[in-house]
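Asks: Please find protein_5.cif (mmCIF, N, CA and C atoms) on the next line:
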data_input
#
loop_
_atom_site.label_atom_id
_atom_site.label_comp_id
_atom_site.auth_asym_id
_atom_site.auth_seq_id
_atom_site.Cartn_x
_atom_site.Cartn_y
_atom_site.Cartn_z
N MET A 1 197.60 215.33 171.68
CA MET A 1 197.07 216.62 171.99
C MET A 1 197.38 217.56 170.84
N ALA A 2 196.37 218.13 170.30
CA ALA A 2 196.50 218.87 169.05
C ALA A 2 197.23 220.20 169.22
N HIS A 3 196.92 220.96 170.25
CA HIS A 3 197.47 222.30 170.39
C HIS A 3 198.47 222.33 171.53
N GLN A 4 199.43 223.17 171.40
CA GLN A 4 200.44 223.33 172.43
C GLN A 4 200.29 224.68 173.10
N ALA A 5 200.58 224.74 174.38
CA ALA A 5 200.60 226.01 175.08
C ALA A 5 201.83 226.79 174.63
N GLY A 6 201.91 228.05 174.98
CA GLY A 6 203.00 228.90 174.55
C GLY A 6 204.39 228.38 174.90
N ASN A 7 204.52 227.63 175.99
CA ASN A 7 205.83 227.13 176.39
C ASN A 7 206.17 225.79 175.76
N GLY A 8 205.37 225.32 174.80
CA GLY A 8 205.65 224.05 174.14
C GLY A 8 205.03 222.85 174.84
N LEU A 9 204.41 223.07 175.99
CA LEU A 9 203.78 221.98 176.71
C LEU A 9 202.26 222.09 176.59
N PRO A 10 201.58 220.95 176.53
CA PRO A 10 200.12 221.04 176.50
C PRO A 10 199.60 221.59 177.83
N SER A 11 198.54 222.35 177.76
CA SER A 11 197.96 222.90 178.99
C SER A 11 197.11 221.83 179.68
N TYR A 12 196.75 222.09 180.91
CA TYR A 12 195.90 221.16 181.64
C TYR A 12 194.54 221.02 180.97
N GLU A 13 194.04 222.11 180.38
CA GLU A 13 192.77 222.04 179.67
C GLU A 13 192.88 221.11 178.47
N GLU A 14 194.01 221.17 177.78
CA GLU A 14 194.22 220.28 176.64
C GLU A 14 194.33 218.83 177.09
N VAL A 15 194.95 218.61 178.24
CA VAL A 15 195.03 217.26 178.80
C VAL A 15 193.62 216.76 179.08
N THR A 16 192.81 217.59 179.70
CA THR A 16 191.43 217.21 180.02
C THR A 16 190.65 216.89 178.75
N GLU A 17 190.76 217.76 177.74
CA GLU A 17 190.05 217.53 176.49
C GLU A 17 190.50 216.24 175.81
N ALA A 18 191.82 216.00 175.79
CA ALA A 18 192.34 214.80 175.15
C ALA A 18 191.86 213.54 175.86
N LEU A 19 191.86 213.57 177.19
CA LEU A 19 191.41 212.39 177.94
C LEU A 19 189.90 212.21 177.83
N MET A 20 189.15 213.30 177.74
CA MET A 20 187.71 213.19 177.52
C MET A 20 187.43 212.49 176.19
N GLU A 21 188.22 212.84 175.19
CA GLU A 21 188.09 212.21 173.88
C GLU A 21 188.48 210.73 173.95
N GLU A 22 189.59 210.46 174.61
CA GLU A 22 190.10 209.09 174.72
C GLU A 22 189.13 208.18 175.47
N PHE A 23 188.47 208.71 176.49
CA PHE A 23 187.59 207.89 177.33
C PHE A 23 186.11 208.16 177.06
N ALA A 24 185.81 208.77 175.92
CA ALA A 24 184.41 209.01 175.55
C ALA A 24 183.69 207.66 175.46
N GLY A 25 182.51 207.59 176.02
CA GLY A 25 181.76 206.35 176.04
C GLY A 25 182.17 205.42 177.17
N VAL A 26 183.24 205.75 177.86
CA VAL A 26 183.70 204.94 178.99
C VAL A 26 183.41 205.67 180.30
N HIS A 27 183.82 206.94 180.35
CA HIS A 27 183.63 207.77 181.54
C HIS A 27 182.97 209.09 181.13
N PRO A 28 182.10 209.62 181.98
CA PRO A 28 181.52 210.93 181.68
C PRO A 28 182.59 212.03 181.77
N PRO A 29 182.42 213.10 181.00
CA PRO A 29 183.40 214.19 181.00
C PRO A 29 183.70 214.75 182.39
N ALA A 30 182.70 214.84 183.23
CA ALA A 30 182.92 215.39 184.58
C ALA A 30 183.89 214.52 185.38
N LEU A 31 183.80 213.21 185.23
CA LEU A 31 184.71 212.30 185.93
C LEU A 31 186.13 212.48 185.41
N VAL A 32 186.27 212.60 184.11
CA VAL A 32 187.60 212.81 183.53
C VAL A 32 188.20 214.12 184.07
N ALA A 33 187.41 215.17 184.09
CA ALA A 33 187.90 216.45 184.60
C ALA A 33 188.31 216.35 186.07
N ARG A 34 187.53 215.62 186.87
CA ARG A 34 187.89 215.44 188.28
C ARG A 34 189.19 214.66 188.42
N CYS A 35 189.39 213.64 187.59
CA CYS A 35 190.62 212.86 187.65
C CYS A 35 191.84 213.70 187.28
N VAL A 36 191.68 214.55 186.28
CA VAL A 36 192.79 215.44 185.89
C VAL A 36 193.11 216.39 187.04
N GLY A 37 192.09 216.98 187.64
CA GLY A 37 192.31 217.88 188.78
C GLY A 37 192.96 217.17 189.95
N ALA A 38 192.50 215.97 190.25
CA ALA A 38 193.07 215.21 191.36
C ALA A 38 194.52 214.82 191.06
N ALA A 39 194.78 214.43 189.83
CA ALA A 39 196.15 214.06 189.45
C ALA A 39 197.09 215.26 189.57
N ARG A 40 196.60 216.41 189.15
CA ARG A 40 197.43 217.62 189.24
C ARG A 40 197.74 217.96 190.69
N HIS A 41 196.73 217.95 191.53
CA HIS A 41 196.95 218.28 192.94
C HIS A 41 197.83 217.25 193.63
N SER A 42 197.65 215.98 193.31
CA SER A 42 198.49 214.93 193.90
C SER A 42 199.94 215.10 193.50
N ALA A 43 200.19 215.34 192.21
CA ALA A 43 201.56 215.52 191.75
C ALA A 43 202.20 216.74 192.40
N GLU A 44 201.43 217.81 192.52
CA GLU A 44 201.95 219.02 193.16
C GLU A 44 202.27 218.76 194.63
N ASP A 45 201.42 218.01 195.32
CA ASP A 45 201.66 217.71 196.73
C ASP A 45 202.91 216.85 196.92
N VAL A 46 203.11 215.90 196.03
CA VAL A 46 204.22 214.96 196.18
C VAL A 46 205.54 215.54 195.69
N THR A 47 205.51 216.19 194.53
CA THR A 47 206.76 216.64 193.92
C THR A 47 206.98 218.14 193.96
N GLY A 48 205.95 218.89 194.33
CA GLY A 48 206.06 220.34 194.36
C GLY A 48 205.75 221.00 193.03
N GLY A 49 205.45 220.21 192.03
CA GLY A 49 205.09 220.73 190.72
C GLY A 49 204.41 219.64 189.92
N ALA A 50 203.81 220.03 188.81
CA ALA A 50 203.12 219.04 187.99
C ALA A 50 203.10 219.51 186.54
N THR A 51 203.83 218.81 185.70
CA THR A 51 203.76 219.15 184.28
C THR A 51 202.48 218.53 183.71
N PRO A 52 201.97 219.10 182.64
CA PRO A 52 200.80 218.50 182.01
C PRO A 52 201.03 217.03 181.60
N GLU A 53 202.25 216.70 181.19
CA GLU A 53 202.55 215.32 180.82
C GLU A 53 202.42 214.38 182.02
N GLN A 54 202.93 214.80 183.18
CA GLN A 54 202.80 214.00 184.39
C GLN A 54 201.33 213.84 184.75
N VAL A 55 200.60 214.93 184.71
CA VAL A 55 199.18 214.91 185.05
C VAL A 55 198.43 213.98 184.10
N CYS A 56 198.75 214.04 182.83
CA CYS A 56 198.09 213.18 181.84
C CYS A 56 198.35 211.71 182.14
N ARG A 57 199.60 211.36 182.43
CA ARG A 57 199.93 209.95 182.72
C ARG A 57 199.20 209.45 183.97
N ILE A 58 199.20 210.27 185.02
CA ILE A 58 198.55 209.87 186.27
C ILE A 58 197.05 209.74 186.07
N ALA A 59 196.43 210.75 185.45
CA ALA A 59 194.98 210.72 185.24
C ALA A 59 194.59 209.55 184.33
N ARG A 60 195.35 209.30 183.27
CA ARG A 60 195.05 208.19 182.37
C ARG A 60 195.08 206.85 183.13
N LYS A 61 196.07 206.67 183.96
CA LYS A 61 196.18 205.42 184.72
C LYS A 61 194.97 205.28 185.65
N HIS A 62 194.57 206.35 186.32
CA HIS A 62 193.39 206.30 187.19
C HIS A 62 192.14 205.95 186.39
N LEU A 63 191.98 206.58 185.23
CA LEU A 63 190.80 206.32 184.40
C LEU A 63 190.79 204.88 183.88
N GLU A 64 191.95 204.36 183.54
CA GLU A 64 192.04 202.96 183.09
C GLU A 64 191.64 202.01 184.22
N ILE A 65 192.10 202.30 185.42
CA ILE A 65 191.76 201.46 186.58
C ILE A 65 190.26 201.53 186.86
N LEU A 66 189.70 202.74 186.82
CA LEU A 66 188.26 202.88 187.03
C LEU A 66 187.46 202.12 185.97
N ALA A 67 187.92 202.13 184.73
CA ALA A 67 187.24 201.39 183.67
C ALA A 67 187.32 199.89 183.92
N THR A 68 188.46 199.41 184.39
CA THR A 68 188.62 197.99 184.70
C THR A 68 187.69 197.57 185.83
N VAL A 69 187.62 198.37 186.87
CA VAL A 69 186.74 198.08 188.00
C VAL A 69 185.28 198.05 187.55
N ALA A 70 184.90 199.03 186.74
CA ALA A 70 183.52 199.08 186.24
C ALA A 70 183.20 197.85 185.40
N ALA A 71 184.14 197.41 184.58
CA ALA A 71 183.92 196.22 183.75
C ALA A 71 183.79 194.98 184.62
N GLU A 72 184.58 194.89 185.66
CA GLU A 72 184.51 193.74 186.57
C GLU A 72 183.16 193.70 187.29
N ARG A 73 182.65 194.84 187.65
CA ARG A 73 181.35 194.89 188.34
C ARG A 73 180.21 194.46 187.43
N ARG A 74 180.35 194.71 186.12
CA ARG A 74 179.31 194.34 185.17
C ARG A 74 179.36 192.85 184.82
N ARG A 75 180.51 192.23 185.00
CA ARG A 75 180.69 190.83 184.63
C ARG A 75 179.94 189.95 185.62
N PRO A 76 179.18 188.96 185.12
CA PRO A 76 178.47 188.08 186.03
C PRO A 76 179.43 187.24 186.86
N ILE A 77 179.01 187.00 188.07
CA ILE A 77 179.83 186.19 188.98
C ILE A 77 179.44 184.72 188.79
N THR A 78 180.45 183.89 188.59
CA THR A 78 180.21 182.46 188.45
C THR A 78 181.01 181.72 189.50
N PHE A 79 180.49 180.59 189.91
CA PHE A 79 181.16 179.77 190.91
C PHE A 79 181.38 178.39 190.33
N GLY A 80 182.59 177.86 190.49
CA GLY A 80 182.87 176.52 190.01
C GLY A 80 182.71 176.40 188.51
N ASN A 81 181.96 175.40 188.08
CA ASN A 81 181.75 175.14 186.66
C ASN A 81 180.47 175.76 186.13
N THR A 82 179.80 176.55 186.92
CA THR A 82 178.55 177.17 186.50
C THR A 82 178.86 178.24 185.47
N PRO A 83 178.18 178.25 184.32
CA PRO A 83 178.45 179.27 183.30
C PRO A 83 178.00 180.65 183.71
#
Can you dump the structure from the file as structure tokens?

Replies:
Amino acid sequence: MAHQAGNGLPSYEEVTEALMEEFAGVHPPALVARCVGAARHSAEDVTGGATPEQVCRIARKHLEILATVAAERRRPITFGNTP
């Protein structure tokens, strides 16, 4: 993340921008933004707070899982020895 917020931590907007860049061509920007928002709200619900670093880790993991699922859906299904 290129820029830091005034308190030395990246802001949630910077997390969103960084993940949009990281997952460009994999997920649309709107999906990345939704994952960041969901990660933030989930962390706040569970721990009572959410640092941008926590939000980034949670959102990245969700986006990686979604990418894996999407790749699996695109892969042809084979049975036995059939190519």

Asks: Between A:Arg34, A:Arg73, A:Arg40, A:His27, which one has atoms that come closest to Cys56 of chain A, using all atoms listed in the file?

Replies: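 Among the listed residues, the smallest separation from Cys56 of chain A belongs to A:Arg40.
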
Asks: Report, in Å with one decimal, the straight-line distance from atom CA of Cys35 of chain A to atom C of Glu72 of chain A.

Replies: 20.6 Å

Asks: Between A:Glu44, A:Ala38, A:Val55, A:Arg60, which has the minimum distance to Glu21 of chain A (counting only C-alpha atoms)?

Replies: A:Arg60

Asks: Just how far from atom C of Ala59 of chain A is atom C of Asp45 of chain A, in Å to one decimal?

Replies: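 Interatomic distance here is 16.8 Å.
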
Asks: Can you list every residue in chain A that DSSP puts in helix (DSSP H, G or I), as a PyMOL selection string?

Replies: chain A and resi 12-22+29-47+52-74

Asks: Quick one, how far is atom N of Glu13 of chain A from atom N of Gly25 of chain A?

Replies: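 These two atoms are separated by 19.0 Å.
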
Asks: Show which residues sit within 9 Å of Leu19 of chain A, as JSON, numbers by chain. Count only C-alpha atoms, and ignore same-chain residues fewer than 2 positions away.

Replies: {"A": [14, 15, 16, 17, 21, 22, 23, 24, 29, 32, 33, 36, 56, 59, 60, 63]}

Asks: Which residue gives the smallest distance to Pro28 of chain A among A:Lys61, A:Ala67, A:Ser11, A:Ser42, with only C-alpha atoms counted?

Replies: A:Ala67

Asks: Taking all listed atoms of segment 76-80 of chain A, build the axis-aligned box, pad each of the six sides by 8 Å, then write its centre and edge lengths in Å to one decimal as AutoDock Vina command-line options.

Replies:
--center_x 180.7 --center_y 182.7 --center_z 188.0 --size_x 20.4 --size_y 28.6 --size_z 21.8
